[in-house]
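Chemist: Okay, handing you the structure first.
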Amino acid sequence: MKNYGFSIVVLVVVAMIGCQSGDSSVEGGLSGTINIDGSSTVFPVTEAVAEEFRSEAPDVRVTIGISGTGGGFKKFSRGETVISDASRPIKESEAKACREKNISYVELTVAYDGLAVVVNPQNDWALSLTTEELKKIWEPEAQGTIVKWNQVRETFPDEKLTLLGPGTASGTFDYFTKAIVGKSGSSRGDYMPSEDDHVLVQGVAGDKYALGFFGLAYFQENADKLKLVGVDAGSGPVKPSMETVKSGSYAPLSRPIFIYVNSDAATRPEVIEFVEFYLTHAASLVPDVGYIPLPDSEYTEQLTKFRNFVKSVNTTSESE
Amino acid sequence: MMKTKERIIEAGLKFSSLITVLTTLGILWVLLSQSLVFFGEVSIIEFLTSREWTPLFENKHYGILPLLAGTALTTFVAIAVALPLGITIAIYLSEYASAPIRNTFKPLLEILAAVPTVVYGFFALTVVTPFLKGILPELATFNALSAGLVMGVMIIPMVSSLSEDALRAVPNSLREAAYGMGSTRLQTAFRVLVPAASSGIVVSVLLAISRAIGETMIVTIAAGQQPNLTFNPMETVETITAYIVQVSLGDVPHGSIEYRTIFAAGLMLFVLTFILNNISYFVKKRYQQQYE
Amino acid sequence: MNSRQKNRIKDRAFKYLGIFSTSIGLILLTVFIGSIIKDGIGRIDWDFLTNLPSRKAEKAGILTALAGSVWLLVMTAIVSIPLGVAAAIHLEEYSRKTRWSSFLEINITNLAGVPSVIYGILGLQIFVRTMRFGGSLLAGAFTLALLILPIIIVTTREAIKAVPSSIKEASYGLGATKWQTIRHQVLPAAGGSIATGIILALSRAIGETAPVIIIGALAYVAFVPQSPTDEFTVLPIQIFNWVSRPDHAFVVNAAAGIIVLLAVTFMMNGIAVYLRHRWQNKVNW
């Protein structure tokens, strides 16, 4: 019995020693805790902002979870978080849940995620695909029927088409199907899904006849193993890059990612400061984590949108 | 005075065991409350008999059989690995190995249980699958075989360590009696000790099976996310647990019918393991022996 | 060759089979860990251990995750060990063998098979929301304790069962009460096997990812926990997070994180194994 007690003490002491990184308190300045949760796609951006914000306001504790866009909204609607990271817009059922708890919010776009369509480097025929061809490949009716390259375009080889893509519970899947097939979730079922984009990269890099789609950042990190396909939405093939996504010419596969901020923010100076910091610094931080920043004018627009939201919340509460 | 103290202690112990009942009630409440809403919208018949599981697609089917097949397949492979190896190791360490060997290898094997499942999952995907593809070119990138094999390795210590403890606890008098009659270690082990330790060994196997059925990360990472009604371990499958993780951590709105599918799937798993455990319990009771 | 010689050969053959089986597990283990060590060991330095999370792979460190994991592990142990052992003692020694006790037994084995995600959802409802612990270490510890409780109970029961009744009878014969017998005879005799179960259970807890994310463990937190009500992150989450980033340098970080996690687990295992060793050497009949 004595021995157990001792080992527990040892473990606790080790844990305590780990707590030696003291918080250096700055005289004056902002303080408080900002709870954020939601999409793991948006997470890297919010993390980058929180990291830089630490030097601005060291006494403000920012915490970020990755429960998923759905889980994030659930917490958001219960007032458990102040900001929700979202890789898709809020759905009606989630908005309703917020209304029921008297939580009003503002939706802010913080970056673009370019969805790259990629093929194997040895693929010398599919240099570009039209959106109609993509639809032909991915729509539900393609299941079991469109199984060879030459069924997509006659000049393509008579070889088996191997398809890879993100998992069905992800915002990427939602967005791609909506943009290409026309309805969210409308897709063939016989492709190889994976939540892990590294696996998709490996899958395409290892198969000459493979085709896949995932975030641009994963292509950029593996550009030597993959080949980008130009997407033609009617005005010629466009390949995704920082410029084409930012300018909007890479369409329709540039998806916006969001943060939602609730009305609680309007009463807390540290949250207002954080969100403003977010929008003013996003342009420089977003590329660091593989996403594409909005044009500067749009960030200014979002900032104004936020400030108006804060004003409106404060005036409503004053008039109560 | 002594009596009161005894009574208090007994009450305290009783309370502790009731916690397990409370846990089950809690789990059932969570699963049932959402499942009932789900079954208000989807028929149980479809749930139990349809051969497709596509709640996240536009064309929705709600048949649980593909997910069940995935769970069953991976568990079966895992047990096929862990059971023979685990028991062989247990007998070897308990009856053949010298104390220094036993004292080194037993903790080393327990380390297998300590490796985080995330690590095992990636190991299955990035090392085991490519290796197996060399032997079996038909193997899919995500498959039940790699995931099952790695899961099996992970639960070997559950079978081996607990069985070994059970074997060592058998009184030496039995061993000595058997040797005295001229048995080899092998004969003693299989004819005398294993039956005597059967309670402990069966428990370790049941625990291992439960662990395999409930395992989440290894199958999520390596077995795949394509629900597939098959008995071929070389194909891509999705287990019930992988599906639950995929949806609960994904972008699906909570409170939607798609989200509620995870509770229906979880309930199915719970009911099945309950039936399985009931059967095993009665089988075990019939074959238990007691020695002194 | 007579049957005695055949038996000897079978005996020998089994011995080699045993050695082979034991080694296979360990060889695979070495391969697993070897490749990870190769990838990650270069990244481990004092900075890595004391830095906070960052978007830049070179600056990112695991201080908060490491502290969180140790805190969570200790707290989970404190909750689950007394509860689990007490429940097992009650079931094995005190309760009469009725239909109710059979039901309890089946129930517990069943709980061992419930996916960890479901425990996460349960913990979210009960500990985080209803009991208002929030996404804190308390909620995490209680949730994980529930998760591993069945393992501890089942293995402790078997350990107690294996103690010969002659020992118990001798103790009663000398006038000891039930609890005294348990405390001074049964538990010490079963101690080694109980320790095995606890080791297996805690090893499971420290590697869990999904349930901890669901109850609210964070992926980014820039402070080390100071009390059980603080929010936290743990090593598996950090590893999981890093492994999914496109930047290859983060994958190296993940490998380094895995090495740290394994080191903590092995240390814990080592302490427990040492204790078990000392325990078991005292008991021999």
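Scheme for the structure tokens: letters A, B, ... for chains in order shown; per-chain residue numbers from 1; ligand numbers from 1 in order shown.
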Given only C-alpha atoms, how would the per-residue table for chain C near chain A read, listing every residue at most 9 Å away with its closest atom pair and distance in Å to one decimal, sorted by chain and number, as a Markdown table?

Modeler:
| residue | atom | partner | partner_atom | distance |
| --- | --- | --- | --- | --- |
| C:Thr50 | CA | A:Ser21 | CA | 8.0 |
| C:Pro53 | CA | A:Glu51 | CA | 8.0 |
| C:Ser54 | CA | A:Glu51 | CA | 6.4 |
| C:Arg55 | CA | A:Ala48 | CA | 5.5 |
| C:Lys56 | CA | A:Asp288 | CA | 8.0 |
| C:Leu63 | CA | A:Gly18 | CA | 7.5 |
| C:Thr64 | CA | A:Gly18 | CA | 8.6 |
| C:Leu66 | CA | A:Gly18 | CA | 8.1 |
| C:Ala67 | CA | A:Gly18 | CA | 5.9 |
| C:Gly68 | CA | A:Ala15 | CA | 8.5 |
| C:Val70 | CA | A:Ala15 | CA | 6.0 |
| C:Trp71 | CA | A:Ala15 | CA | 6.3 |
| C:Val74 | CA | A:Val12 | CA | 7.1 |
| C:Ile78 | CA | A:Ile8 | CA | 8.8 |
| C:Gly134 | CA | A:Glu80 | CA | 8.8 |
| C:Ile213 | CA | A:Ser67 | CA | 6.4 |
| C:Ile214 | CA | A:Ser67 | CA | 6.2 |
| C:Ile215 | CA | A:Ser67 | CA | 8.9 |
| C:Gly216 | CA | A:Gly65 | CA | 6.7 |
| C:Ala217 | CA | A:Gly65 | CA | 6.7 |
| C:Leu218 | CA | A:Gly65 | CA | 4.2 |
| C:Ala219 | CA | A:Gly65 | CA | 5.1 |
| C:Tyr220 | CA | A:Ile64 | CA | 5.0 |
| C:Val221 | CA | A:Thr63 | CA | 5.0 |
| C:Ala222 | CA | A:Arg61 | CA | 7.3 |
| C:Phe223 | CA | A:Asp23 | CA | 7.8 |
| C:Val224 | CA | A:Cys19 | CA | 5.7 |
| C:Pro225 | CA | A:Cys19 | CA | 7.2 |
| C:Gln226 | CA | A:Cys19 | CA | 7.2 |
| C:Glu231 | CA | A:Thr63 | CA | 8.2 |
| C:Phe232 | CA | A:Thr63 | CA | 8.8 |
| C:Asn241 | CA | A:Ser40 | CA | 8.3 |
| C:Val243 | CA | A:His198 | CA | 8.8 |
| C:Ser244 | CA | A:Asp196 | CA | 6.4 |
| C:Arg245 | CA | A:Tyr218 | CA | 8.2 |
| C:Pro246 | CA | A:Tyr218 | CA | 5.0 |
| C:Asp247 | CA | A:Glu221 | CA | 6.2 |
| C:His248 | CA | A:Glu221 | CA | 7.3 |
| C:Met268 | CA | A:Leu11 | CA | 8.7 |
| C:Ile271 | CA | A:Ser7 | CA | 7.6 |
| C:Ala272 | CA | A:Ser7 | CA | 8.8 |
| C:Leu275 | CA | A:Asn3 | CA | 7.6 |

Chemist: Could you give me, as a short mmCIF file (atom, residue, chain, number, x, y, z; two decimals) with N, CA and C atoms, in the first residue's frame, the residues within 12 Å of Pro140 in chain A, counting only C-alpha atoms and dropping anything in the same chain fewer than 3 positions from it?

Modeler:
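Everything below was put into part_8.cif:
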data_model
loop_
_atom_site.label_atom_id
_atom_site.label_comp_id
_atom_site.auth_asym_id
_atom_site.auth_seq_id
_atom_site.Cartn_x
_atom_site.Cartn_y
_atom_site.Cartn_z
N LYS A 135 -18.76 16.19 -63.66
CA LYS A 135 -20.07 15.75 -63.21
C LYS A 135 -20.35 14.32 -63.70
N LYS A 136 -20.00 14.09 -64.95
CA LYS A 136 -20.23 12.76 -65.52
C LYS A 136 -19.50 11.69 -64.71
N ILE A 137 -18.32 12.03 -64.23
CA ILE A 137 -17.52 11.07 -63.48
C ILE A 137 -18.10 10.83 -62.10
N GLN A 143 -22.13 5.43 -60.97
CA GLN A 143 -21.76 4.24 -60.23
C GLN A 143 -21.95 2.99 -61.07
N GLY A 144 -20.84 2.25 -61.28
CA GLY A 144 -20.94 1.03 -62.06
C GLY A 144 -20.97 1.24 -63.56
N THR A 145 -21.23 2.47 -64.02
CA THR A 145 -21.29 2.69 -65.47
C THR A 145 -20.05 3.39 -66.02
N ILE A 146 -19.66 4.51 -65.42
CA ILE A 146 -18.46 5.21 -65.91
C ILE A 146 -17.27 4.60 -65.21
N THR A 177 -19.64 17.94 -54.09
CA THR A 177 -20.82 17.39 -54.73
C THR A 177 -21.81 18.48 -55.09
N ILE A 180 -20.21 20.45 -58.18
CA ILE A 180 -20.02 19.74 -59.45
C ILE A 180 -21.27 19.01 -59.89
N VAL A 181 -21.92 18.29 -58.94
CA VAL A 181 -23.07 17.50 -59.34
C VAL A 181 -24.35 18.29 -59.19
N GLY A 182 -24.36 19.25 -58.27
CA GLY A 182 -25.51 20.11 -58.13
C GLY A 182 -26.23 19.96 -56.81
N LYS A 183 -26.05 18.84 -56.14
CA LYS A 183 -26.73 18.67 -54.86
C LYS A 183 -25.75 18.06 -53.86
N SER A 184 -25.80 18.59 -52.64
CA SER A 184 -24.88 18.12 -51.62
C SER A 184 -25.12 16.66 -51.31
N GLY A 185 -24.08 15.85 -51.34
CA GLY A 185 -24.23 14.43 -51.02
C GLY A 185 -24.56 13.58 -52.24
N SER A 186 -24.74 14.24 -53.38
CA SER A 186 -25.12 13.50 -54.57
C SER A 186 -23.87 13.00 -55.27
N SER A 187 -23.54 11.76 -55.05
CA SER A 187 -22.29 11.24 -55.59
C SER A 187 -22.38 9.75 -55.81
N ARG A 188 -21.53 9.23 -56.66
CA ARG A 188 -21.44 7.79 -56.81
C ARG A 188 -20.87 7.21 -55.53
N GLY A 189 -21.15 5.97 -55.25
CA GLY A 189 -20.68 5.39 -54.00
C GLY A 189 -19.44 4.55 -54.14
N ASP A 190 -19.00 4.28 -55.40
CA ASP A 190 -17.90 3.33 -55.57
C ASP A 190 -16.57 4.01 -55.83
N TYR A 191 -16.26 5.00 -55.00
CA TYR A 191 -14.91 5.56 -55.08
C TYR A 191 -14.24 5.26 -53.75
N THR B 54 -26.01 4.06 -46.83
CA THR B 54 -25.59 5.30 -47.48
C THR B 54 -26.30 6.52 -46.90
N PHE B 57 -25.13 10.01 -48.34
CA PHE B 57 -25.29 10.31 -49.75
C PHE B 57 -26.69 10.85 -49.97
N GLU B 58 -26.93 11.32 -51.17
CA GLU B 58 -28.24 11.87 -51.43
C GLU B 58 -29.28 10.76 -51.48
N ASN B 59 -28.86 9.61 -52.02
CA ASN B 59 -29.77 8.47 -52.15
C ASN B 59 -29.61 7.59 -50.93
N LYS B 60 -30.47 7.78 -49.93
CA LYS B 60 -30.19 7.20 -48.63
C LYS B 60 -30.72 5.77 -48.44
#

Chemist: Residues at most 7 Å from range 237-250 of chain B, counting only C-alpha atoms, excluding those fewer than 6 positions away in the same chain, as a PyMOL selection string?

Modeler: (chain A and resi 67-71+169-170) or (chain B and resi 67-68+70-71+143-144+214-216+219-220+223-228+259+262+265) or (chain C and resi 115+117)

Chemist: What does the distance between CA of Ala251 in chain A and CA of Val152 in chain A come to in Å, to one decimal place?

Modeler: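 According to the coordinates, CA of Ala251 in chain A and CA of Val152 in chain A are separated by 20.4 Å.
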
Chemist: Name all residues at most 6 Å from range 188-192 of chain C (count only C-alpha atoms; drop same-chain ones fewer than 6 positions away) and give them as an MDAnalysis selection string.

Modeler: chainID C and resid 159:160 276 279:280

Chemist: As a PyMOL selection string, please: every residue in range 129-182 of chain C that DSSP puts in helix (DSSP H, G or I).

Modeler: chain C and resi 129-130+137-161+165-173+178-182

Chemist: Applying 12 Å and only C-alpha atoms, which residues near Lys38 in chain C remain after dropping the ones on its own chain fewer than 4 positions away? List them as a list in words.

Modeler: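 With the cut-off at 12 Å, the set is Thr30, Val31, Phe32, Ile33, Gly34, Gly42, Arg43, Ile44, Val252, Ala255, Ala256, Ile258 and Ile259 of chain C.
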
Chemist: Where in range 168-269 of chain A does DSSP assign strand (DSSP E), given as a PyMOL selection string?

Modeler: chain A and resi 192-194+210-215+227-228+230-232+237-238+254-262

Chemist: Ranking C:Lys97, C:Arg129, C:Lys168, C:Lys178 by minimum distance to chain B and counting only C-alpha atoms, which one comes first?

Modeler: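 Checking each of C:Lys97, C:Arg129, C:Lys168, C:Lys178 against chain B, counting only C-alpha atoms, the winner is C:Lys178.
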
Chemist: Which residues, written as a CSV table (one decimal) with all heavy atoms, in the first residue's frame, have at least one atom at most 12 Å from Lys311 in chain A, with only C-alpha atoms counted and residues fewer than 3 positions away on the same chain left out?

Modeler:
chain,number,residue,atom,x,y,z
A,106,VAL,N,-22.7,36.3,-36.2
A,106,VAL,CA,-22.4,36.9,-37.5
A,106,VAL,C,-21.5,35.9,-38.2
A,106,VAL,O,-20.6,35.2,-37.6
A,106,VAL,CB,-21.7,38.3,-37.3
A,106,VAL,CG1,-20.4,38.1,-36.5
A,106,VAL,CG2,-21.4,38.9,-38.7
A,263,SER,N,-23.1,36.7,-30.1
A,263,SER,CA,-23.4,38.1,-29.6
A,263,SER,C,-22.6,38.4,-28.3
A,263,SER,O,-22.4,39.5,-28.0
A,263,SER,CB,-24.9,38.2,-29.4
A,263,SER,OG,-25.5,37.0,-29.1
A,265,ALA,N,-19.7,38.1,-27.9
A,265,ALA,CA,-18.5,38.8,-28.3
A,265,ALA,C,-18.6,40.3,-28.1
A,265,ALA,O,-17.7,41.0,-27.8
A,265,ALA,CB,-18.1,38.4,-29.7
A,266,ALA,N,-19.8,40.8,-28.5
A,266,ALA,CA,-19.9,42.2,-28.5
A,266,ALA,C,-19.7,42.9,-27.1
A,266,ALA,O,-19.4,44.1,-27.0
A,266,ALA,CB,-21.3,42.6,-29.0
A,267,THR,N,-19.9,42.1,-26.1
A,267,THR,CA,-19.8,42.7,-24.8
A,267,THR,C,-18.4,42.5,-24.2
A,267,THR,O,-18.1,42.9,-23.1
A,267,THR,CB,-20.8,42.1,-23.8
A,267,THR,OG1,-20.6,40.6,-23.8
A,267,THR,CG2,-22.2,42.4,-24.3
A,272,ILE,N,-13.6,41.0,-29.1
A,272,ILE,CA,-13.6,42.0,-30.2
A,272,ILE,C,-12.2,42.2,-30.8
A,272,ILE,O,-12.0,42.1,-32.0
A,272,ILE,CB,-14.2,43.4,-29.7
A,272,ILE,CG1,-15.7,43.2,-29.3
A,272,ILE,CG2,-14.1,44.4,-30.9
A,272,ILE,CD1,-16.3,44.5,-28.8
A,304,THR,N,-15.9,45.4,-41.5
A,304,THR,CA,-17.0,46.3,-41.4
A,304,THR,C,-18.2,45.5,-40.9
A,304,THR,O,-19.0,45.9,-40.0
A,304,THR,CB,-17.3,47.0,-42.7
A,304,THR,OG1,-16.1,47.3,-43.3
A,304,THR,CG2,-18.2,48.2,-42.5
A,305,LYS,N,-18.4,44.3,-41.5
A,305,LYS,CA,-19.6,43.5,-41.2
A,305,LYS,C,-19.6,43.2,-39.7
A,305,LYS,O,-20.6,43.2,-39.0
A,305,LYS,CB,-19.5,42.2,-42.0
A,305,LYS,CG,-20.7,41.3,-41.9
A,305,LYS,CD,-20.6,40.1,-42.8
A,305,LYS,CE,-21.8,39.1,-42.7
A,305,LYS,NZ,-21.5,37.9,-43.5
A,306,PHE,N,-18.4,42.8,-39.2
A,306,PHE,CA,-18.2,42.5,-37.8
A,306,PHE,C,-18.5,43.7,-36.9
A,306,PHE,O,-19.2,43.6,-35.9
A,306,PHE,CB,-16.8,41.9,-37.5
A,306,PHE,CG,-16.6,41.6,-36.1
A,306,PHE,CD1,-17.4,40.6,-35.4
A,306,PHE,CD2,-15.6,42.3,-35.3
A,306,PHE,CE1,-17.2,40.3,-34.1
A,306,PHE,CE2,-15.4,42.0,-34.0
A,306,PHE,CZ,-16.2,41.0,-33.4
A,307,ARG,N,-17.9,44.8,-37.3
A,307,ARG,CA,-18.1,46.0,-36.5
A,307,ARG,C,-19.6,46.4,-36.4
A,307,ARG,O,-20.1,46.8,-35.3
A,307,ARG,CB,-17.3,47.2,-37.0
A,307,ARG,CG,-15.8,46.9,-36.7
A,307,ARG,CD,-15.0,48.1,-37.1
A,307,ARG,NE,-13.6,47.9,-36.7
A,307,ARG,CZ,-12.5,48.3,-37.3
A,307,ARG,NH1,-12.7,48.9,-38.5
A,307,ARG,NH2,-11.3,48.0,-36.9
A,308,ASN,N,-20.3,46.3,-37.5
A,308,ASN,CA,-21.7,46.6,-37.5
A,308,ASN,C,-22.5,45.6,-36.6
A,308,ASN,O,-23.4,46.0,-35.9
A,308,ASN,CB,-22.3,46.5,-38.9
A,308,ASN,CG,-21.8,47.6,-39.8
A,308,ASN,OD1,-21.4,48.7,-39.3
A,308,ASN,ND2,-21.9,47.5,-41.1
A,314,ASN,N,-24.9,45.9,-29.3
A,314,ASN,CA,-24.8,46.8,-28.2
A,314,ASN,C,-26.0,47.8,-28.1
A,314,ASN,O,-26.5,48.1,-27.0
A,314,ASN,CB,-23.5,47.6,-28.2
A,314,ASN,CG,-22.3,46.8,-27.7
A,314,ASN,OD1,-22.5,46.0,-26.7
A,314,ASN,ND2,-21.2,46.9,-28.3
A,315,THR,N,-26.4,48.2,-29.3
A,315,THR,CA,-27.6,49.1,-29.3
A,315,THR,C,-28.8,48.4,-28.8
A,315,THR,O,-29.6,48.9,-28.0
A,315,THR,CB,-27.9,49.7,-30.6
A,315,THR,OG1,-27.1,49.0,-31.6
A,315,THR,CG2,-27.5,51.2,-30.7
A,316,THR,N,-29.0,47.1,-29.2
A,316,THR,CA,-30.2,46.4,-28.8
A,316,THR,C,-30.2,46.2,-27.3
A,316,THR,O,-31.2,46.4,-26.7
A,316,THR,CB,-30.2,45.0,-29.4
A,316,THR,OG1,-29.5,45.0,-30.6
A,316,THR,CG2,-31.7,44.5,-29.7
A,317,SER,N,-29.0,45.9,-26.8
A,317,SER,CA,-29.0,45.6,-25.3
A,317,SER,C,-29.2,47.0,-24.6
A,317,SER,O,-29.7,47.0,-23.5
A,317,SER,CB,-27.8,44.9,-24.9
A,317,SER,OG,-26.6,45.7,-25.3
A,318,GLU,N,-28.7,48.1,-25.2
A,318,GLU,CA,-28.9,49.4,-24.5
A,318,GLU,C,-30.4,49.8,-24.4
A,318,GLU,O,-30.9,50.3,-23.5
A,318,GLU,CB,-28.1,50.5,-25.2
A,318,GLU,CG,-26.7,50.6,-24.7
A,318,GLU,CD,-25.8,51.4,-25.6
A,318,GLU,OE1,-26.4,52.4,-26.2
A,318,GLU,OE2,-24.6,51.1,-25.7
